[in-house]
Structures are given as C-alpha cells and as structure tokens.
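> Next comes input.cif, mmCIF, C-alpha atoms:
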```cif
data_entry
#
loop_
_atom_site.label_atom_id
_atom_site.label_comp_id
_atom_site.auth_asym_id
_atom_site.auth_seq_id
_atom_site.Cartn_x
_atom_site.Cartn_y
_atom_site.Cartn_z
CA MET A 9 0.00 0.00 0.00
CA LEU A 10 2.83 2.41 0.86
CA TYR A 11 4.48 1.71 -2.49
CA LEU A 12 1.25 2.55 -4.36
CA ILE A 13 0.98 5.83 -2.46
CA LEU A 14 4.56 6.70 -3.40
CA VAL A 15 3.93 5.93 -7.07
CA PHE A 16 0.70 7.96 -7.04
CA ALA A 17 2.43 10.95 -5.40
CA HIS A 18 5.24 10.68 -7.97
CA LEU A 19 2.73 10.65 -10.81
CA LEU A 20 0.74 13.52 -9.32
CA ALA A 21 3.85 15.71 -8.96
CA ALA A 22 4.84 15.04 -12.57
CA SER A 23 1.32 15.87 -13.75
CA MET A 24 1.33 19.16 -11.82
CA ALA A 25 4.64 20.25 -13.34
CA LEU A 26 3.70 19.18 -16.87
CA GLY A 27 0.35 20.98 -16.62
CA ALA A 28 2.03 24.20 -15.55
CA ILE A 29 4.65 23.94 -18.30
CA VAL A 30 2.09 23.20 -21.03
CA ALA A 31 -0.06 26.15 -19.87
CA THR A 32 3.00 28.43 -20.03
CA ASP A 33 3.86 27.20 -23.53
CA LEU A 34 0.30 27.77 -24.72
CA ARG A 35 0.43 31.30 -23.34
CA LEU A 36 3.56 31.91 -25.43
CA LEU A 37 1.95 30.54 -28.58
CA SER A 38 -1.16 32.67 -28.06
CA LYS A 39 1.02 35.80 -28.21
CA LEU A 40 2.32 35.06 -31.70
CA ALA A 41 -0.50 36.98 -33.38
CA GLN A 42 0.81 40.17 -31.77
CA ASP A 43 3.50 42.48 -33.11
CA ARG A 44 6.81 42.89 -31.24
CA VAL A 45 6.12 40.01 -28.87
CA ARG A 46 7.46 40.17 -25.34
CA ILE A 47 7.73 37.03 -23.23
CA ALA A 48 7.08 37.51 -19.54
CA PRO A 49 8.51 35.10 -16.96
CA PRO A 50 6.11 32.64 -15.32
CA ASN A 51 4.17 34.11 -12.43
CA GLU A 52 5.30 33.29 -8.92
CA PHE A 53 2.56 30.72 -8.34
CA VAL A 54 3.51 28.69 -11.43
CA ALA A 55 7.22 28.86 -10.57
CA ARG A 56 6.54 27.64 -7.03
CA MET A 57 4.31 24.86 -8.30
CA VAL A 58 7.07 23.52 -10.56
CA ILE A 59 9.66 23.78 -7.75
CA VAL A 60 7.40 21.94 -5.30
CA ALA A 61 6.65 19.29 -7.92
CA LEU A 62 10.38 18.79 -8.54
CA LEU A 63 11.05 18.38 -4.82
CA VAL A 64 8.22 15.87 -4.48
CA LEU A 65 9.56 13.98 -7.49
CA TRP A 66 13.01 13.71 -5.90
CA ILE A 67 11.61 12.59 -2.53
CA THR A 68 9.16 10.05 -3.90
CA GLY A 69 11.63 8.88 -6.55
CA ALA A 70 14.30 8.22 -3.91
CA ALA A 71 11.73 6.34 -1.81
CA ILE A 72 10.69 4.23 -4.83
CA VAL A 73 14.33 3.39 -5.58
CA GLY A 74 14.89 2.49 -1.93
CA HIS A 75 11.89 0.19 -2.02
CA GLY A 76 13.21 -1.40 -5.21
CA LEU A 77 16.62 -2.01 -3.65
CA LEU A 78 14.94 -3.80 -0.76
CA GLN A 79 13.26 -6.09 -3.28
CA ARG A 80 16.23 -6.53 -5.64
CA ALA A 81 19.88 -5.79 -4.99
CA ASP A 82 20.47 -5.09 -8.70
CA TYR A 83 17.56 -2.64 -8.99
CA LEU A 84 19.83 0.23 -10.07
CA SER A 85 21.40 -1.85 -12.85
CA ASN A 86 18.41 -1.04 -15.09
CA PRO A 87 19.77 1.25 -17.88
CA LYS A 88 16.43 3.01 -18.24
CA LEU A 89 16.42 3.92 -14.56
CA GLN A 90 20.01 5.13 -14.80
CA ALA A 91 19.10 7.34 -17.76
CA LYS A 92 16.10 8.75 -15.90
CA ILE A 93 18.15 9.62 -12.81
CA LEU A 94 20.82 11.26 -14.98
CA LEU A 95 18.28 13.30 -16.94
CA VAL A 96 16.36 14.37 -13.82
CA ALA A 97 19.65 15.60 -12.33
CA LEU A 98 20.24 17.60 -15.54
CA LEU A 99 16.65 18.88 -15.31
CA THR A 100 17.31 20.12 -11.78
CA LEU A 101 20.46 21.97 -12.83
CA ASN A 102 18.57 23.51 -15.73
CA ALA A 103 15.83 24.65 -13.33
CA VAL A 104 18.48 26.52 -11.34
CA ALA A 105 19.70 28.17 -14.56
CA LEU A 106 16.13 29.19 -15.42
CA HIS A 107 15.60 30.93 -12.08
CA ARG A 108 19.10 32.48 -11.92
CA PHE A 109 19.52 33.68 -15.50
CA THR A 110 16.48 33.15 -17.76
CA PHE A 111 13.62 34.60 -15.70
CA PRO A 112 15.53 37.78 -14.71
CA ARG A 113 16.22 38.49 -18.39
CA LEU A 114 12.58 37.94 -19.30
CA ALA A 115 11.53 40.31 -16.53
CA ARG A 116 13.34 43.16 -18.34
CA GLY A 117 10.51 43.22 -20.88
CA ARG A 118 12.60 43.42 -24.05
CA SER A 119 10.76 42.36 -27.19
CA VAL A 120 12.05 39.22 -28.90
CA ALA A 121 13.06 41.31 -31.93
CA ARG A 122 15.61 43.18 -29.77
CA TRP A 123 17.20 40.14 -28.16
CA ARG A 124 20.96 39.93 -28.39
CA ALA A 125 23.00 36.73 -28.59
CA ALA A 126 23.13 36.63 -24.77
CA GLU A 127 19.33 36.60 -24.55
CA TRP A 128 19.06 33.82 -27.11
CA ALA A 129 21.57 31.70 -25.22
CA ALA A 130 20.17 32.42 -21.74
CA ILE A 131 16.50 32.05 -22.70
CA ALA A 132 15.99 29.84 -25.75
CA VAL A 133 18.37 27.05 -24.70
CA PRO A 134 17.20 26.54 -21.07
CA VAL A 135 13.55 26.78 -22.13
CA ALA A 136 14.02 24.08 -24.76
CA VAL A 137 15.98 21.90 -22.33
CA SER A 138 13.27 22.26 -19.68
CA ASN A 139 10.41 21.41 -22.03
CA PHE A 140 12.22 18.44 -23.50
CA LEU A 141 13.48 16.95 -20.23
CA TRP A 142 10.13 17.18 -18.47
CA MET A 143 8.42 15.40 -21.35
CA PHE A 144 11.12 12.79 -21.94
CA THR A 145 11.60 11.87 -18.27
CA ALA A 146 7.82 11.50 -17.95
CA PHE A 147 7.93 9.20 -20.98
CA LEU A 148 10.70 7.14 -19.39
CA GLY A 149 8.48 6.71 -16.33
CA ILE A 150 5.91 4.78 -18.37
CA ALA A 151 8.30 3.11 -20.86
CA ARG A 152 8.18 -0.27 -19.12
CA PRO A 153 9.20 -2.23 -22.26
CA TRP A 154 12.59 -0.50 -22.03
CA ASN A 155 13.30 -1.92 -18.57
CA ASP A 156 16.54 -3.96 -18.62
CA SER A 157 16.36 -4.16 -22.44
CA MET A 158 17.31 -0.76 -23.87
CA PRO A 159 21.02 0.12 -23.49
CA LEU A 160 21.90 3.36 -21.75
CA GLY A 161 23.75 4.71 -24.79
CA ASP A 162 20.73 4.15 -27.02
CA ILE A 163 18.41 5.96 -24.60
CA LEU A 164 20.75 8.94 -24.35
CA GLY A 165 21.17 8.95 -28.14
CA ILE A 166 17.41 9.08 -28.62
CA ALA A 167 17.23 11.85 -26.03
CA ALA A 168 19.92 13.88 -27.81
CA GLY A 169 18.18 13.58 -31.18
CA LEU A 170 14.77 14.56 -29.79
CA TYR A 171 16.31 17.48 -27.90
CA LEU A 172 17.78 18.88 -31.12
CA VAL A 173 14.33 18.74 -32.72
CA VAL A 174 12.78 20.57 -29.75
CA GLN A 175 15.55 23.16 -29.72
CA LEU A 176 15.13 23.91 -33.42
CA GLY A 177 11.37 24.22 -32.84
CA VAL A 178 11.88 26.71 -30.01
CA PHE A 179 14.31 28.75 -32.13
CA ALA A 180 11.81 28.79 -35.01
CA ILE A 181 8.90 29.90 -32.81
CA LEU A 182 10.95 32.64 -31.18
CA ARG A 183 12.16 33.74 -34.61
CA LEU A 184 8.55 34.11 -35.71
CA ALA A 185 7.77 36.01 -32.52
CA GLY A 186 10.52 38.51 -33.36
CA ARG A 187 9.17 39.29 -36.83
CA ALA A 188 6.85 42.19 -37.51
CA VAL A 189 3.31 41.23 -38.46
CA ASP A 190 2.81 42.14 -42.14
CA ASP A 191 0.22 40.38 -44.29
CA ARG A 192 1.54 41.95 -47.51
CA THR A 193 5.25 41.15 -47.45
CA LYS A 194 5.24 37.95 -45.37
CA PRO A 195 1.86 36.26 -45.85
CA LEU A 196 3.11 32.72 -45.18
CA ALA A 197 4.87 33.71 -41.95
CA ASP A 198 1.74 35.54 -40.82
CA ILE A 199 -0.44 32.50 -41.54
CA VAL A 200 1.89 30.28 -39.53
CA ARG A 201 1.94 32.78 -36.66
CA ARG A 202 -1.83 33.05 -36.53
CA SER A 203 -2.23 29.28 -36.73
CA LEU A 204 0.14 28.77 -33.80
CA ALA A 205 -1.57 31.57 -31.89
CA SER A 206 -4.93 29.92 -32.46
CA LEU A 207 -3.47 26.65 -31.20
CA GLY A 208 -2.14 28.39 -28.11
CA ASN A 209 -5.56 29.99 -27.63
CA LEU A 210 -7.09 26.47 -27.75
CA GLY A 211 -8.75 26.99 -31.08
CA GLY A 212 -9.97 30.54 -30.59
CA ASP A 213 -9.30 33.41 -32.95
CA PRO A 214 -6.70 35.52 -31.13
CA GLU A 215 -7.09 39.27 -31.40
CA ARG A 216 -4.17 40.93 -33.16
CA VAL A 217 -2.56 43.61 -31.08
CA VAL A 218 -0.18 45.82 -33.07
CA ALA A 219 2.24 47.62 -30.79
CA SER A 220 3.60 51.05 -31.61
CA ARG A 221 6.86 51.00 -33.54
CA GLY A 222 10.13 52.49 -32.42
CA ASP A 223 12.40 52.09 -29.43
CA GLU A 224 9.64 53.04 -27.05
CA ALA A 225 7.99 49.70 -27.82
CA ASP A 226 10.42 48.05 -25.42
CA GLY A 227 9.38 50.23 -22.52
CA PRO A 228 6.64 49.47 -20.03
CA ALA A 229 3.11 49.44 -21.40
CA ALA A 230 1.11 52.61 -20.88
CA PRO A 231 -1.71 52.34 -18.37
CA PRO A 232 -5.21 52.25 -19.84
CA THR A 233 -7.04 55.55 -20.06
CA PRO A 234 -9.63 55.70 -17.27
CA ARG A 235 -13.21 56.02 -18.37
CA PRO A 236 -15.37 58.85 -17.02
CA VAL A 237 -17.57 57.80 -14.14
CA LEU A 238 -21.27 58.51 -14.62
CA ARG A 239 -23.24 59.08 -11.46
CA LEU A 240 -26.93 58.34 -11.67
CA VAL A 241 -29.16 60.52 -9.53
CA GLY A 242 -32.57 59.17 -8.57
CA ARG A 243 -35.75 61.21 -8.37
CA ARG A 244 -35.43 61.77 -4.65
CA GLY A 245 -31.85 62.99 -5.02
CA ALA A 246 -32.83 65.46 -7.75
CA ARG A 247 -35.71 66.86 -5.68
CA SER A 248 -33.46 67.25 -2.62
CA GLU A 249 -30.91 69.17 -4.68
CA ARG A 250 -33.60 71.53 -5.99
CA ARG A 251 -34.89 72.17 -2.45
CA ASP A 252 -31.34 72.86 -1.21
CA ALA A 253 -30.73 75.27 -4.10
CA ALA A 254 -34.01 77.09 -3.37
CA ALA A 255 -33.17 77.35 0.32
CA GLY A 256 -29.76 78.75 -0.46
CA GLY A 257 -31.25 81.46 -2.65
CA ARG A 258 -33.47 82.81 0.13
#
```
Can I see the file as structure tokens?

Amino acid sequence: MLYLILVFAHLLAASMALGAIVATDLRLLSKLAQDRVRIAPPNEFVARMVIVALLVLWITGAAIVGHGLLQRADYLSNPKLQAKILLVALLTLNAVALHRFTFPRLARGRSVARWRAAEWAAIAVPVAVSNFLWMFTAFLGIARPWNDSMPLGDILGIAAGLYLVVQLGVFAILRLAGRAVDDRTKPLADIVRRSLASLGNLGGDPERVVASRGDEADGPAAPPTPRPVLRLVGRRGARSERRDAAAGGR
C-alpha cells in the first residue's frame, strides 16, 4: 500500500509540473499573433508549483528506488532507470539556470526582436531543455518495455536527437515572434503565426494587437485611459438638490 501511495504521489507531482509547463507554452503561442512580442517570466505561483513538484519527485523517486533495492539488490542496474536519474539531475540543474539567468532576463521586458546573442543563449536554450526533459523523463516513467532491455547509450542517443528537434522548434517559434506582423510582405509567416496563436488559444481566434513602432515599444506598457464615471441621480436625489438650491437662494 505504501508503495502505491509513493507511485501515485510521484505521478501527481509530474502531472502538476507538466500541466504548468504546457499552460505556459500555450500562453507563449497565443502571443504570436501580436506584433513585437514580449515574453514575460512565469508568475510566482507557477514557478513555485514547478519547484514543489520537482522536490516531491526527488523525494518520492528516492523512496521508490529504496523500495526497489529492498526487493532486488540489482535494482539500479536497469539502464532506463540510470538514464532517468541522470536526466532528472540535468533537469534540476537547468531549473536553477532558469531561475538564476532566464527569468531575470525575461523580466526586463525586451521584445524578442531586440534580443541579443546573450538573450538567445540564456532564454531559448534553457527553455528548450526544460520542455524536452520534463516530457522525456515522464515518458521514461511509463516506458516499461525499455526496462533492462534498452542500453543506456541508445536511450541517451534518442534523447539527444529529440532534444535537437525541440531546440530547433523553439528557435523557429521565437524567430517568428521577433518578426513584424505584415500580411503583404510575409503572408506565409503571418499565416503560420496566426495558426500557432490559435493553437495556443485552444482553437480561438486571437485578437491581433499591433504595438507602436520604435524604441519606445520596449518600454513598459502605458496604463489604460480611465473612463469617465457617470453618477446616476434618482428622483429623490434630484428633488433634494432643488430644495437645497431654493433654500440657499433665500
């Protein structure tokens, strides 16, 4: 019974983290219909959720491995398990890089079009690594046919190939986000952007927001203009005001 609880907690933590990451990725895609896209860092609640999920994964994973060692002395000789532990350790280091370097750069609010090489290295690479490792380690958790049958080198080779695909995809999406929206000169790019934005908006038709051009586009957004407040006066209030005005004129 205790083992089932550990496995369930492990699965629940992975689901929490994957849900938060997928929601963040969809939010990015939904912005692609805009001009001069800026990418904000995840809010504090989402960041804490992923951190808590990672801690729970380490605790429950260590407990599951300990239970396995009590059952079999050679439990850690499984190449798939070795690959998962190695990749989760890399995932943890990448999470530290995200919080130390990536999120502070995103908080500066620079549009993707104005990113320098440092931004591309500090943002695009850790984001791709995080997305890939969360998905691939979750896959390894359910890849039971690979237990004691798939060599470690083959698993890491598959991981490296899939990571390159994900990294190229992230670069391509960010490249689209840095382009100006122009139906006339780049119709194909605009169609792709709007299609991805609709996907990120879960099938909806995202509203295009064209930002003002120039260097000021990288500054903080102007606050919305407040609307005038209309005060409705009832019949009693109007009569009272007329009586007060008449009394003041005496």
> Using the chain letters and numbers from this file, what does the PyMOL selection byres ((chain A and resi 135) around 12) select? Give the answer as a PyMOL selection string.
chain A and resi 29+32-33+36+47+49-50+99+102-107+109-111+114+127-134+136-142+171+174-179+182
> Taking the file as shown, find all residues satisfying the PyMOL selection byres ((chain A and resi 66-83) around 9) and write them as a PyMOL selection string.
chain A and resi 11+14-15+17-18+61-65+84-86+89+96
> Grab all the atoms of region 25-40 of chain A that the file lists, wrap them in a box along x, y and z, add 4 Å per side, and give me centre plus edge lengths in Å (one decimal) as AutoDock Vina command-line options.

```
--center_x 1.7 --center_y 27.5 --center_z -22.5 --size_x 13.8 --size_y 24.6 --size_z 26.4
```
> For a test of reading the model, state the distance in Å between CA of Ala31 (chain A) and CA of Leu207 (chain A), rounded to one decimal.
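If I compute the distance from CA of Ala31 (chain A) to CA of Leu207 (chain A), I get 11.8 Å.
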> Got a sec: who's within 9 Å of Arg35 (chain A), counting all atoms listed in the file, leaving out chain neighbours fewer than 3 positions off, as a PyMOL selection string?
chain A and resi 30-32+38-39+205+208-209
> Work out how far apart CA of Leu95 (chain A) and CA of Ile59 (chain A) are and give it in Å to one decimal.
16.4 Å
> May I ask for the distance between CA of Ser157 (chain A) and CA of Ala91 (chain A), given in Å to one decimal place?
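According to the coordinates, CA of Ser157 (chain A) and CA of Ala91 (chain A) are separated by 12.7 Å.
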> Considering only C-alpha atoms, can you say which of A:Arg124, A:Arg108, A:Arg202, A:Arg183 comes closest to Arg44 (chain A)?
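Counting only C-alpha atoms, the residue closest to Arg44 (chain A) is A:Arg183.
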> Apply the PyMOL selection byres ((chain A and resi 116) around 10) to the file shown and report the selected residues as JSON, numbers by chain.
{"A": [46, 47, 48, 49, 111, 112, 113, 114, 115, 117, 118, 119, 226, 227, 228]}
